[in-house]
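Student: Quick one: the structure is below, and I'll ask about it shortly.
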Amino acid sequence: MVEKGMESLGTLNGGRHSFAKGVSNDGSVIIGDSTDGAAHNRSRAFRWTVEKGMESLGTLNGGESSSAHGISSD
């Protein structure tokens with residue numbers, strides 16, 4: 001694996017910012033939260049992979065926001 005340094009993961013639907021908060025052991029999955037431009041810039045938990053990029057994990061029970069803070073080793 002070639003190290004490239006810091007790279008942007010982007011945001012959800014043109015949101016204002018995103019924060020990475022966890023990485024899987026092999027580095028293939030990153031989780032965190034991003035403001036979502038399609039949801040009035042409310043925070044949404046995300047999962048990021050090279051194959052799919054940043055994907056919103058939505059909210060629970062129709063809540064206004066969500067955030068991811070941990071990831072399993074696999």
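Identifiers in this document derive from the order of the structure tokens: chains are assigned A, B, ..., residues are numbered from 1 separately in each chain, and ligands are numbered from 1 in order of occurrence.
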Sort by chain and increasing residue number a table of all residues of stretch 44-71 of chain A within 6 Å of stretch 27-35 of chain A, each with its closest pair of atoms and their distance in Å to one decimal, counting only C-alpha atoms, and write it as a Markdown table.
Tutor:
```
| residue | atom | partner | partner_atom | distance |
| --- | --- | --- | --- | --- |
| A:Arg44 | CA | A:Asp33 | CA | 5.3 |
| A:Ala45 | CA | A:Asp33 | CA | 4.3 |
| A:Phe46 | CA | A:Asp33 | CA | 5.4 |
| A:Arg47 | CA | A:Ile31 | CA | 4.7 |
| A:Trp48 | CA | A:Ile30 | CA | 5.0 |
| A:Thr49 | CA | A:Val29 | CA | 5.1 |
| A:Ser67 | CA | A:Asp33 | CA | 5.1 |
| A:Ala68 | CA | A:Gly32 | CA | 4.9 |
```
Student: Could you write those residues out with N, CA, C and O atoms, as an mmCIF file, in the first residue's frame?
Tutor:
```cif
data_model
loop_
_atom_site.group_PDB
_atom_site.id
_atom_site.type_symbol
_atom_site.label_atom_id
_atom_site.label_comp_id
_atom_site.auth_asym_id
_atom_site.auth_seq_id
_atom_site.Cartn_x
_atom_site.Cartn_y
_atom_site.Cartn_z
ATOM 1 N N ARG A 44 -25.198 13.862 9.255
ATOM 2 C CA ARG A 44 -25.545 12.471 8.955
ATOM 3 C C ARG A 44 -24.309 11.600 9.132
ATOM 4 O O ARG A 44 -23.213 11.956 8.683
ATOM 5 N N ALA A 45 -24.493 10.455 9.771
ATOM 6 C CA ALA A 45 -23.421 9.470 9.857
ATOM 7 C C ALA A 45 -23.112 8.969 8.452
ATOM 8 O O ALA A 45 -24.000 8.865 7.617
ATOM 9 N N PHE A 46 -21.827 8.675 8.192
ATOM 10 C CA PHE A 46 -21.465 8.130 6.885
ATOM 11 C C PHE A 46 -20.532 6.950 7.009
ATOM 12 O O PHE A 46 -19.869 6.751 8.025
ATOM 13 N N ARG A 47 -20.491 6.179 5.926
ATOM 14 C CA ARG A 47 -19.538 5.082 5.711
ATOM 15 C C ARG A 47 -18.871 5.385 4.384
ATOM 16 O O ARG A 47 -19.543 5.662 3.396
ATOM 17 N N TRP A 48 -17.526 5.336 4.361
ATOM 18 C CA TRP A 48 -16.781 5.631 3.141
ATOM 19 C C TRP A 48 -15.938 4.428 2.760
ATOM 20 O O TRP A 48 -15.267 3.826 3.603
ATOM 21 N N THR A 49 -15.972 4.049 1.470
ATOM 22 C CA THR A 49 -15.086 3.029 0.912
ATOM 23 C C THR A 49 -14.574 3.540 -0.436
ATOM 24 O O THR A 49 -15.192 4.407 -1.056
ATOM 25 N N SER A 67 -24.691 10.519 13.864
ATOM 26 C CA SER A 67 -23.239 10.590 13.880
ATOM 27 C C SER A 67 -22.684 9.207 14.191
ATOM 28 O O SER A 67 -23.275 8.473 14.976
ATOM 29 N N ALA A 68 -21.589 8.833 13.560
ATOM 30 C CA ALA A 68 -20.921 7.560 13.827
ATOM 31 C C ALA A 68 -19.604 7.845 14.543
ATOM 32 O O ALA A 68 -18.863 8.742 14.152
#
```
Student: Considering only C-alpha atoms, return as a PyMOL selection string whatever protein or nucleic-acid residues lie within 9 Å of A:Ser73, sequence-local ones (same chain, fewer than 6 positions apart) excluded.
Tutor: chain A and resi 23-26
Student: Please extract the residues of chain A with a backbone DSSP assignment of strand (DSSP E) and present them as number ranges by chain.
Tutor: A: 18-23, 30-36, 42-49, 53-56
Student: Need to verify the contact set: A:His17, 10 Å, only C-alpha atoms, exclusion of same-chain residues closer than 2 positions in sequence. Can you return it as a ChimeraX atom specification?
Tutor: /A:9-12,14-15,19,33-37,41,43
Student: Using only N, CA, C and O atoms, please write the residues we just selected to a file, as a PDB file, in the first residue's frame.
Tutor:
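Result saved to part_39.pdb:
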```pdb
ATOM      1  N   LEU A   9     -12.339  13.271   1.889  1.00  0.00           N
ATOM      2  CA  LEU A   9     -13.354  12.249   1.649  1.00  0.00           C
ATOM      3  C   LEU A   9     -14.584  12.856   0.997  1.00  0.00           C
ATOM      4  O   LEU A   9     -15.468  12.152   0.558  1.00  0.00           O
ATOM      5  N   GLY A  10     -14.661  14.175   0.962  1.00  0.00           N
ATOM      6  CA  GLY A  10     -15.812  14.863   0.409  1.00  0.00           C
ATOM      7  C   GLY A  10     -16.865  15.123   1.476  1.00  0.00           C
ATOM      8  O   GLY A  10     -16.600  15.034   2.672  1.00  0.00           O
ATOM      9  N   THR A  11     -18.075  15.422   1.041  1.00  0.00           N
ATOM     10  CA  THR A  11     -19.222  15.639   1.918  1.00  0.00           C
ATOM     11  C   THR A  11     -20.437  14.988   1.280  1.00  0.00           C
ATOM     12  O   THR A  11     -20.385  14.553   0.133  1.00  0.00           O
ATOM     13  N   LEU A  12     -21.524  14.954   2.017  1.00  0.00           N
ATOM     14  CA  LEU A  12     -22.772  14.400   1.495  1.00  0.00           C
ATOM     15  C   LEU A  12     -23.557  15.484   0.765  1.00  0.00           C
ATOM     16  O   LEU A  12     -23.900  16.518   1.360  1.00  0.00           O
ATOM     17  N   GLY A  14     -22.953  17.926  -1.220  1.00  0.00           N
ATOM     18  CA  GLY A  14     -22.487  19.303  -1.181  1.00  0.00           C
ATOM     19  C   GLY A  14     -22.573  19.948   0.188  1.00  0.00           C
ATOM     20  O   GLY A  14     -22.620  21.178   0.304  1.00  0.00           O
ATOM     21  N   GLY A  15     -22.584  19.145   1.240  1.00  0.00           N
ATOM     22  CA  GLY A  15     -22.617  19.672   2.610  1.00  0.00           C
ATOM     23  C   GLY A  15     -21.407  20.542   2.917  1.00  0.00           C
ATOM     24  O   GLY A  15     -20.462  20.624   2.129  1.00  0.00           O
ATOM     25  N   PHE A  19     -16.298  14.947   9.038  1.00  0.00           N
ATOM     26  CA  PHE A  19     -15.305  14.570  10.033  1.00  0.00           C
ATOM     27  C   PHE A  19     -15.171  13.055  10.059  1.00  0.00           C
ATOM     28  O   PHE A  19     -16.159  12.353  10.286  1.00  0.00           O
ATOM     29  N   ASP A  33     -19.107  11.674  10.378  1.00  0.00           N
ATOM     30  CA  ASP A  33     -20.324  12.393  10.052  1.00  0.00           C
ATOM     31  C   ASP A  33     -20.022  13.565   9.137  1.00  0.00           C
ATOM     32  O   ASP A  33     -18.916  14.076   9.107  1.00  0.00           O
ATOM     33  N   SER A  34     -21.036  13.940   8.374  1.00  0.00           N
ATOM     34  CA  SER A  34     -20.930  15.019   7.396  1.00  0.00           C
ATOM     35  C   SER A  34     -22.227  15.803   7.405  1.00  0.00           C
ATOM     36  O   SER A  34     -23.301  15.231   7.617  1.00  0.00           O
ATOM     37  N   THR A  35     -22.140  17.102   7.177  1.00  0.00           N
ATOM     38  CA  THR A  35     -23.377  17.822   6.934  1.00  0.00           C
ATOM     39  C   THR A  35     -23.870  17.388   5.559  1.00  0.00           C
ATOM     40  O   THR A  35     -23.084  17.095   4.667  1.00  0.00           O
ATOM     41  N   ASP A  36     -25.185  17.314   5.423  1.00  0.00           N
ATOM     42  CA  ASP A  36     -25.807  16.827   4.185  1.00  0.00           C
ATOM     43  C   ASP A  36     -26.546  17.971   3.508  1.00  0.00           C
ATOM     44  O   ASP A  36     -27.536  18.481   4.045  1.00  0.00           O
ATOM     45  N   GLY A  37     -26.063  18.391   2.360  1.00  0.00           N
ATOM     46  CA  GLY A  37     -26.665  19.492   1.631  1.00  0.00           C
ATOM     47  C   GLY A  37     -28.112  19.240   1.245  1.00  0.00           C
ATOM     48  O   GLY A  37     -28.900  20.168   1.099  1.00  0.00           O
ATOM     49  N   ASN A  41     -28.289  20.800   5.575  1.00  0.00           N
ATOM     50  CA  ASN A  41     -26.983  20.739   6.229  1.00  0.00           C
ATOM     51  C   ASN A  41     -27.026  20.180   7.642  1.00  0.00           C
ATOM     52  O   ASN A  41     -26.206  20.516   8.487  1.00  0.00           O
ATOM     53  N   SER A  43     -26.423  17.044  10.237  1.00  0.00           N
ATOM     54  CA  SER A  43     -25.382  16.030  10.319  1.00  0.00           C
ATOM     55  C   SER A  43     -25.948  14.634  10.040  1.00  0.00           C
ATOM     56  O   SER A  43     -27.023  14.281  10.511  1.00  0.00           O
TER      57      SER A  43
END
```
